[in-house]
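S.K.: Have a look at the structure that comes next, please.
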Amino acid sequence: VECYDYDSDGSHDLIGSFQTTMSQLKEASRSSPVEFECINEKKRQKKKNYKNSGIVSFKHCEIIIECTFLDYIMGGCQLNFTVGIDFTGSNGDPRSPDSLHYLSPNGVNEYLTAIWSVGLVIQDYDTDKMFPAFGFGAQIPPSFQVSHEFPLNFNPSNPFCNGVQGIVDAYRACLPQVKLYGPTNFSPIINHVARFAAAATQQQTASQYFILLIITDGVITDLDQTRTAIVNASKLPMSIIIVGVGGADFDAMEFLDGDNGVLRSSSGEPAVRDIVQFVPFRKFQNSPKEALAQCVLAEVPQQVVNYFSTYKLQPPKNPAA
């Protein structure tokens, strides 16, 4: 170990050095520090009565294991994937070819392409492959009241879909039964997933992480409430991916992404970490599905690692075992 006298201009001066082992350092404690003489060889050769250039004292030694994203996954961390789909009126009448919800003759649209692209990657990290899927901004049967958080399968007690194909099937079955309406509120679906993420924090290991995919056509109505919901969610094991479909103005989405500065709630509280990734679908319209998935999921592994390392949570089981 070499010790230097720090200089702001970079011309640091060597004080001295010493050798030790990990097992020696681990014996250090406040009541019984481990000490080493710091020796400067040049000074020792020049000076007859040279003893040392100081004593380095260790009072505490801790070994911290830094896990990678793969360590958490291999160690039993479960990724929980939830989808939220925008059914607001600005998407256009699903029966019209101009609508973003219009199913082309081959049975696809931008919403389905986004679900397939992201879902096919995430489902490989989800052991049961059962995904809750919700819609927002539509009038739903039987009363046709507006809902900002309704299960695509209309089963509140079991909103889970079997794999990505299950989400697609539920979406196709749901579409003709609802009336597209508004406004475009994100906060209910964010808070819904956040409640499950908050419950997961009761476990003392890195056992669960939640990913919410929101697919939307544009301008958000409850921006202040959504900012607050995101700031609160930033303290939880949770990430939010927003895919913007169509050609609307996505300035608010870029703002929520927080890449240009720390996102703050309406009261001024800053997000603990950046958990939102926004991607405009039109950038990838002519690209392979994998390109969209790669961009959409680019930040998630680091967000997972950042959360669990910040709270010093280890995987449920040793990934090396």
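Labels used: A, B, ... for chains in the order of the structure tokens, numbers from 1 for residues in each chain, and numbers from 1 for ligands as shown.
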Could you tell me, as a ChimeraX atom specification, which residues of region 26-116 of chain A DSSP assigns to strand (DSSP E or B) when given the backbone?
M.R.: /A:34-37,39,55-58,78-86,88
S.K.: For the residues in the current selection, export N, CA and C atoms as a PDB file, in the first residue's frame.
M.R.:
ATOM      1  N   VAL A  34      -5.242  -2.299  13.825  1.00  0.00           N
ATOM      2  CA  VAL A  34      -4.078  -2.909  13.186  1.00  0.00           C
ATOM      3  C   VAL A  34      -3.226  -1.771  12.633  1.00  0.00           C
ATOM      4  N   GLU A  35      -1.929  -1.752  13.012  1.00  0.00           N
ATOM      5  CA  GLU A  35      -1.069  -0.621  12.638  1.00  0.00           C
ATOM      6  C   GLU A  35       0.127  -1.085  11.811  1.00  0.00           C
ATOM      7  N   PHE A  36       0.536  -0.200  10.895  1.00  0.00           N
ATOM      8  CA  PHE A  36       1.667  -0.492  10.012  1.00  0.00           C
ATOM      9  C   PHE A  36       2.567   0.732   9.922  1.00  0.00           C
ATOM     10  N   GLU A  37       3.878   0.459   9.942  1.00  0.00           N
ATOM     11  CA  GLU A  37       4.829   1.556   9.737  1.00  0.00           C
ATOM     12  C   GLU A  37       4.881   1.901   8.252  1.00  0.00           C
ATOM     13  N   ILE A  39       6.924   3.230   5.407  1.00  0.00           N
ATOM     14  CA  ILE A  39       8.365   3.363   5.156  1.00  0.00           C
ATOM     15  C   ILE A  39       8.620   3.982   3.784  1.00  0.00           C
ATOM     16  N   ILE A  55       2.618   6.258  11.023  1.00  0.00           N
ATOM     17  CA  ILE A  55       1.927   4.992  11.295  1.00  0.00           C
ATOM     18  C   ILE A  55       0.539   5.033  10.655  1.00  0.00           C
ATOM     19  N   VAL A  56       0.216   4.003   9.907  1.00  0.00           N
ATOM     20  CA  VAL A  56      -1.132   3.875   9.330  1.00  0.00           C
ATOM     21  C   VAL A  56      -1.924   2.917  10.216  1.00  0.00           C
ATOM     22  N   SER A  57      -3.074   3.409  10.713  1.00  0.00           N
ATOM     23  CA  SER A  57      -3.866   2.641  11.677  1.00  0.00           C
ATOM     24  C   SER A  57      -5.236   2.284  11.087  1.00  0.00           C
ATOM     25  N   PHE A  58      -5.581   1.004  11.121  1.00  0.00           N
ATOM     26  CA  PHE A  58      -6.890   0.530  10.641  1.00  0.00           C
ATOM     27  C   PHE A  58      -7.759   0.155  11.837  1.00  0.00           C
ATOM     28  N   GLN A  78     -36.540 -11.790  -8.758  1.00  0.00           N
ATOM     29  CA  GLN A  78     -37.635 -11.938  -9.715  1.00  0.00           C
ATOM     30  C   GLN A  78     -37.983 -10.573 -10.303  1.00  0.00           C
ATOM     31  N   LEU A  79     -37.980 -10.463 -11.638  1.00  0.00           N
ATOM     32  CA  LEU A  79     -38.449  -9.240 -12.295  1.00  0.00           C
ATOM     33  C   LEU A  79     -39.949  -9.367 -12.542  1.00  0.00           C
ATOM     34  N   ASN A  80     -40.706  -8.402 -12.046  1.00  0.00           N
ATOM     35  CA  ASN A  80     -42.162  -8.413 -12.212  1.00  0.00           C
ATOM     36  C   ASN A  80     -42.558  -7.361 -13.243  1.00  0.00           C
ATOM     37  N   PHE A  81     -43.118  -7.811 -14.339  1.00  0.00           N
ATOM     38  CA  PHE A  81     -43.413  -6.963 -15.493  1.00  0.00           C
ATOM     39  C   PHE A  81     -44.901  -6.640 -15.540  1.00  0.00           C
ATOM     40  N   THR A  82     -45.245  -5.343 -15.574  1.00  0.00           N
ATOM     41  CA  THR A  82     -46.636  -4.895 -15.689  1.00  0.00           C
ATOM     42  C   THR A  82     -46.758  -3.968 -16.894  1.00  0.00           C
ATOM     43  N   VAL A  83     -47.869  -4.089 -17.621  1.00  0.00           N
ATOM     44  CA  VAL A  83     -48.105  -3.245 -18.795  1.00  0.00           C
ATOM     45  C   VAL A  83     -49.291  -2.325 -18.537  1.00  0.00           C
ATOM     46  N   GLY A  84     -49.142  -1.049 -18.926  1.00  0.00           N
ATOM     47  CA  GLY A  84     -50.240  -0.090 -18.886  1.00  0.00           C
ATOM     48  C   GLY A  84     -50.460   0.485 -20.279  1.00  0.00           C
ATOM     49  N   ILE A  85     -51.680   0.366 -20.809  1.00  0.00           N
ATOM     50  CA  ILE A  85     -51.962   0.770 -22.195  1.00  0.00           C
ATOM     51  C   ILE A  85     -52.937   1.939 -22.224  1.00  0.00           C
ATOM     52  N   ASP A  86     -52.611   2.920 -23.034  1.00  0.00           N
ATOM     53  CA  ASP A  86     -53.387   4.159 -23.175  1.00  0.00           C
ATOM     54  C   ASP A  86     -54.600   3.926 -24.087  1.00  0.00           C
ATOM     55  N   THR A  88     -57.051   6.357 -24.408  1.00  0.00           N
ATOM     56  CA  THR A  88     -57.718   7.663 -24.457  1.00  0.00           C
ATOM     57  C   THR A  88     -58.179   7.978 -25.887  1.00  0.00           C
TER      58      THR A  88
END
S.K.: Show me, as a list in words, the residues that have an atom within 12 Å of Pro188 (chain A) when counting only C-alpha atoms, minus same-chain residues fewer than 3 positions from it.
M.R.: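 Contacts, in chain order: Gly84, Phe134, Gly135, Phe136, Gly137, Ser147, His148, Glu149, Phe150, Thr184, Asn185, Asn191, His192, Val193, Ala194, Arg195, Ile214, Asp222, Leu223, Gln225, Thr226, Arg227, Thr228, Ala229 and Ile230 of chain A.
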S.K.: Find the residues around Ala291 (chain A) up to 12 Å (only C-alpha atoms counted), leave out those fewer than 4 positions away in its own chain, and share them as a list in words.
M.R.: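 These residues fall inside the cut-off: Thr113, Ala114, Ser117, Val118, Val121, Val279, Phe281, Lys283, Phe284, Gln285, Asn286, Ser287, Cys295, Val296, Leu297 and Ala298 of chain A.
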S.K.: Keeping only N, CA and C atoms, write those residues as a PDB file, in the first residue's frame.
M.R.:
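The resulting result_27.pdb:
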ATOM      1  N   THR A 113     -46.796  -3.998 -31.265  1.00  0.00           N
ATOM      2  CA  THR A 113     -45.366  -4.143 -31.588  1.00  0.00           C
ATOM      3  C   THR A 113     -44.506  -3.806 -30.375  1.00  0.00           C
ATOM      4  N   ALA A 114     -44.885  -2.743 -29.642  1.00  0.00           N
ATOM      5  CA  ALA A 114     -44.140  -2.352 -28.435  1.00  0.00           C
ATOM      6  C   ALA A 114     -44.254  -3.429 -27.357  1.00  0.00           C
ATOM      7  N   SER A 117     -42.055  -6.407 -28.458  1.00  0.00           N
ATOM      8  CA  SER A 117     -40.616  -6.100 -28.442  1.00  0.00           C
ATOM      9  C   SER A 117     -40.051  -6.136 -27.028  1.00  0.00           C
ATOM     10  N   VAL A 118     -40.733  -5.459 -26.112  1.00  0.00           N
ATOM     11  CA  VAL A 118     -40.231  -5.358 -24.736  1.00  0.00           C
ATOM     12  C   VAL A 118     -40.546  -6.629 -23.956  1.00  0.00           C
ATOM     13  N   VAL A 121     -38.336  -9.864 -24.277  1.00  0.00           N
ATOM     14  CA  VAL A 121     -37.050  -9.828 -23.572  1.00  0.00           C
ATOM     15  C   VAL A 121     -37.276 -10.015 -22.079  1.00  0.00           C
ATOM     16  N   VAL A 279     -38.926   6.306 -24.678  1.00  0.00           N
ATOM     17  CA  VAL A 279     -38.484   6.018 -26.042  1.00  0.00           C
ATOM     18  C   VAL A 279     -39.635   6.307 -27.005  1.00  0.00           C
ATOM     19  N   PHE A 281     -41.559   5.592 -30.220  1.00  0.00           N
ATOM     20  CA  PHE A 281     -41.640   4.423 -31.100  1.00  0.00           C
ATOM     21  C   PHE A 281     -41.247   4.767 -32.538  1.00  0.00           C
ATOM     22  N   LYS A 283     -38.987   6.397 -33.791  1.00  0.00           N
ATOM     23  CA  LYS A 283     -37.554   6.289 -34.065  1.00  0.00           C
ATOM     24  C   LYS A 283     -37.181   4.882 -34.536  1.00  0.00           C
ATOM     25  N   PHE A 284     -38.036   3.910 -34.191  1.00  0.00           N
ATOM     26  CA  PHE A 284     -37.699   2.506 -34.469  1.00  0.00           C
ATOM     27  C   PHE A 284     -38.673   1.846 -35.440  1.00  0.00           C
ATOM     28  N   GLN A 285     -39.508   2.662 -36.078  1.00  0.00           N
ATOM     29  CA  GLN A 285     -40.551   2.121 -36.952  1.00  0.00           C
ATOM     30  C   GLN A 285     -40.004   1.197 -38.036  1.00  0.00           C
ATOM     31  N   ASN A 286     -38.843   1.550 -38.569  1.00  0.00           N
ATOM     32  CA  ASN A 286     -38.273   0.757 -39.663  1.00  0.00           C
ATOM     33  C   ASN A 286     -37.093  -0.099 -39.213  1.00  0.00           C
ATOM     34  N   SER A 287     -36.988  -0.279 -37.893  1.00  0.00           N
ATOM     35  CA  SER A 287     -35.889  -1.085 -37.343  1.00  0.00           C
ATOM     36  C   SER A 287     -36.422  -2.442 -36.899  1.00  0.00           C
ATOM     37  N   CYS A 295     -33.034  -0.549 -26.827  1.00  0.00           N
ATOM     38  CA  CYS A 295     -33.043   0.844 -26.378  1.00  0.00           C
ATOM     39  C   CYS A 295     -33.925   1.020 -25.145  1.00  0.00           C
ATOM     40  N   VAL A 296     -35.107   0.391 -25.182  1.00  0.00           N
ATOM     41  CA  VAL A 296     -36.067   0.528 -24.087  1.00  0.00           C
ATOM     42  C   VAL A 296     -35.504  -0.025 -22.782  1.00  0.00           C
ATOM     43  N   LEU A 297     -34.789  -1.141 -22.880  1.00  0.00           N
ATOM     44  CA  LEU A 297     -34.306  -1.818 -21.674  1.00  0.00           C
ATOM     45  C   LEU A 297     -32.869  -1.461 -21.318  1.00  0.00           C
ATOM     46  N   ALA A 298     -32.285  -0.504 -22.042  1.00  0.00           N
ATOM     47  CA  ALA A 298     -30.862  -0.184 -21.861  1.00  0.00           C
ATOM     48  C   ALA A 298     -30.522   0.215 -20.431  1.00  0.00           C
TER      49      ALA A 298
END
S.K.: Go through A:Gln204, A:Ser90, A:Arg273, A:Cys174 one by one, measure the shortest atom-to-atom distance of each to Ala248 (chain A) using only C-alpha atoms, and give the residue with the smallest value.
M.R.: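 Comparing A:Gln204, A:Ser90, A:Arg273, A:Cys174 against Ala248 (chain A), the winner is A:Ser90.
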S.K.: Please identify the alpha helix (DSSP H) residues within region 80-119 of chain A (assignment by DSSP from backbone atoms) and present them as a list in words.
M.R.: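 Filtering region 80-119 of chain A to alpha helix (DSSP H) leaves Glu110, Tyr111, Leu112, Thr113, Ala114, Ile115, Trp116, Ser117, Val118 and Gly119 of chain A.
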S.K.: By how many Å are CA of Ala138 (chain A) and CA of Leu175 (chain A) apart?
M.R.: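 Separation between CA of Ala138 (chain A) and CA of Leu175 (chain A): 10.0 Å.
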S.K.: Rounded to one decimal in Å, what is the spacing between CA of Ile122 (chain A) and CA of Ile189 (chain A)?
M.R.: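 We find that CA of Ile122 (chain A) and CA of Ile189 (chain A) lie 19.1 Å from each other.
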S.K.: May I ask which of the residues A:Ser157, A:Ser53, A:Gln165, A:Thr68 is the closest one to Leu120 (chain A), counting only C-alpha atoms?
M.R.: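 Residue with the minimum atom-to-atom distance to Leu120 (chain A): A:Gln165.
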S.K.: Fewer than 2 positions away in the same chain doesn't count, so skip those; otherwise give me all residues within 10 Å of Ser309 (chain A), counting only C-alpha atoms, as a list in words.
M.R.: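 Here the qualifying residues turn out to be Ile64, Ile65, Glu66, Cys67, Thr68, Ala206, Gln303, Val304, Val305, Asn306, Tyr307, Tyr311, Lys312, Leu313 and Gln314 of chain A.
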S.K.: Near Asp224 (chain A), within 12 Å and counting only C-alpha atoms, which residues show up once chain neighbours fewer than 4 positions away are dropped, as a PyMOL selection string?
M.R.: chain A and resi 185-187+220+228-231+252+255-256+263-269
S.K.: For the selection just defined, write its residues with C-alpha atoms to a file, as a PDB file, in the first residue's frame.
M.R.:
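Result file is result.pdb:
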ATOM      1  CA  ASN A 185     -53.549  10.039 -16.316  1.00  0.00           C
ATOM      2  CA  PHE A 186     -50.391   8.061 -15.507  1.00  0.00           C
ATOM      3  CA  SER A 187     -50.312   8.379 -11.716  1.00  0.00           C
ATOM      4  CA  ILE A 220     -50.166  13.663 -20.177  1.00  0.00           C
ATOM      5  CA  THR A 228     -44.943  12.968  -7.356  1.00  0.00           C
ATOM      6  CA  ALA A 229     -45.734   9.298  -8.077  1.00  0.00           C
ATOM      7  CA  ILE A 230     -42.373   8.858  -9.851  1.00  0.00           C
ATOM      8  CA  VAL A 231     -40.414  10.584  -7.064  1.00  0.00           C
ATOM      9  CA  ALA A 252     -43.584  15.987 -21.146  1.00  0.00           C
ATOM     10  CA  PHE A 255     -39.165  15.798 -18.981  1.00  0.00           C
ATOM     11  CA  LEU A 256     -40.244  12.770 -16.912  1.00  0.00           C
ATOM     12  CA  LEU A 263     -36.921  15.088 -11.708  1.00  0.00           C
ATOM     13  CA  ARG A 264     -38.726  16.796  -8.821  1.00  0.00           C
ATOM     14  CA  SER A 265     -42.197  16.335  -7.403  1.00  0.00           C
ATOM     15  CA  SER A 266     -44.682  19.219  -7.467  1.00  0.00           C
ATOM     16  CA  SER A 267     -43.549  20.066  -3.911  1.00  0.00           C
ATOM     17  CA  GLY A 268     -39.874  20.179  -4.983  1.00  0.00           C
ATOM     18  CA  GLU A 269     -38.724  16.818  -3.594  1.00  0.00           C
TER      19      GLU A 269
END
S.K.: So, with only C-alpha atoms as the atoms that count, which of A:Ser96, A:Leu236, A:Thr216, A:Pro280 lies closest to Ala199 (chain A)?
M.R.: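 Closest residue, counting only C-alpha atoms: A:Leu236.
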S.K.: Can you tell me, as a PDB file with N, CA and C atoms, in the first residue's frame, what residues are no more than 7 Å from Gly218 (chain A) when counting only C-alpha atoms, ignoring any on the same chain fewer than 4 positions away?
M.R.:
ATOM      1  N   GLY A 244     -43.651   5.985 -26.435  1.00  0.00           N
ATOM      2  CA  GLY A 244     -44.592   6.907 -27.064  1.00  0.00           C
ATOM      3  C   GLY A 244     -44.903   6.466 -28.483  1.00  0.00           C
ATOM      4  N   ALA A 248     -47.333  12.499 -31.755  1.00  0.00           N
ATOM      5  CA  ALA A 248     -47.697  13.627 -30.879  1.00  0.00           C
ATOM      6  C   ALA A 248     -46.464  14.289 -30.273  1.00  0.00           C
ATOM      7  N   ASP A 249     -46.713  15.357 -29.513  1.00  0.00           N
ATOM      8  CA  ASP A 249     -45.656  16.092 -28.817  1.00  0.00           C
ATOM      9  C   ASP A 249     -45.310  15.337 -27.531  1.00  0.00           C
ATOM     10  N   PHE A 250     -44.069  14.864 -27.433  1.00  0.00           N
ATOM     11  CA  PHE A 250     -43.676  14.068 -26.273  1.00  0.00           C
ATOM     12  C   PHE A 250     -42.757  14.837 -25.323  1.00  0.00           C
TER      13      PHE A 250
END
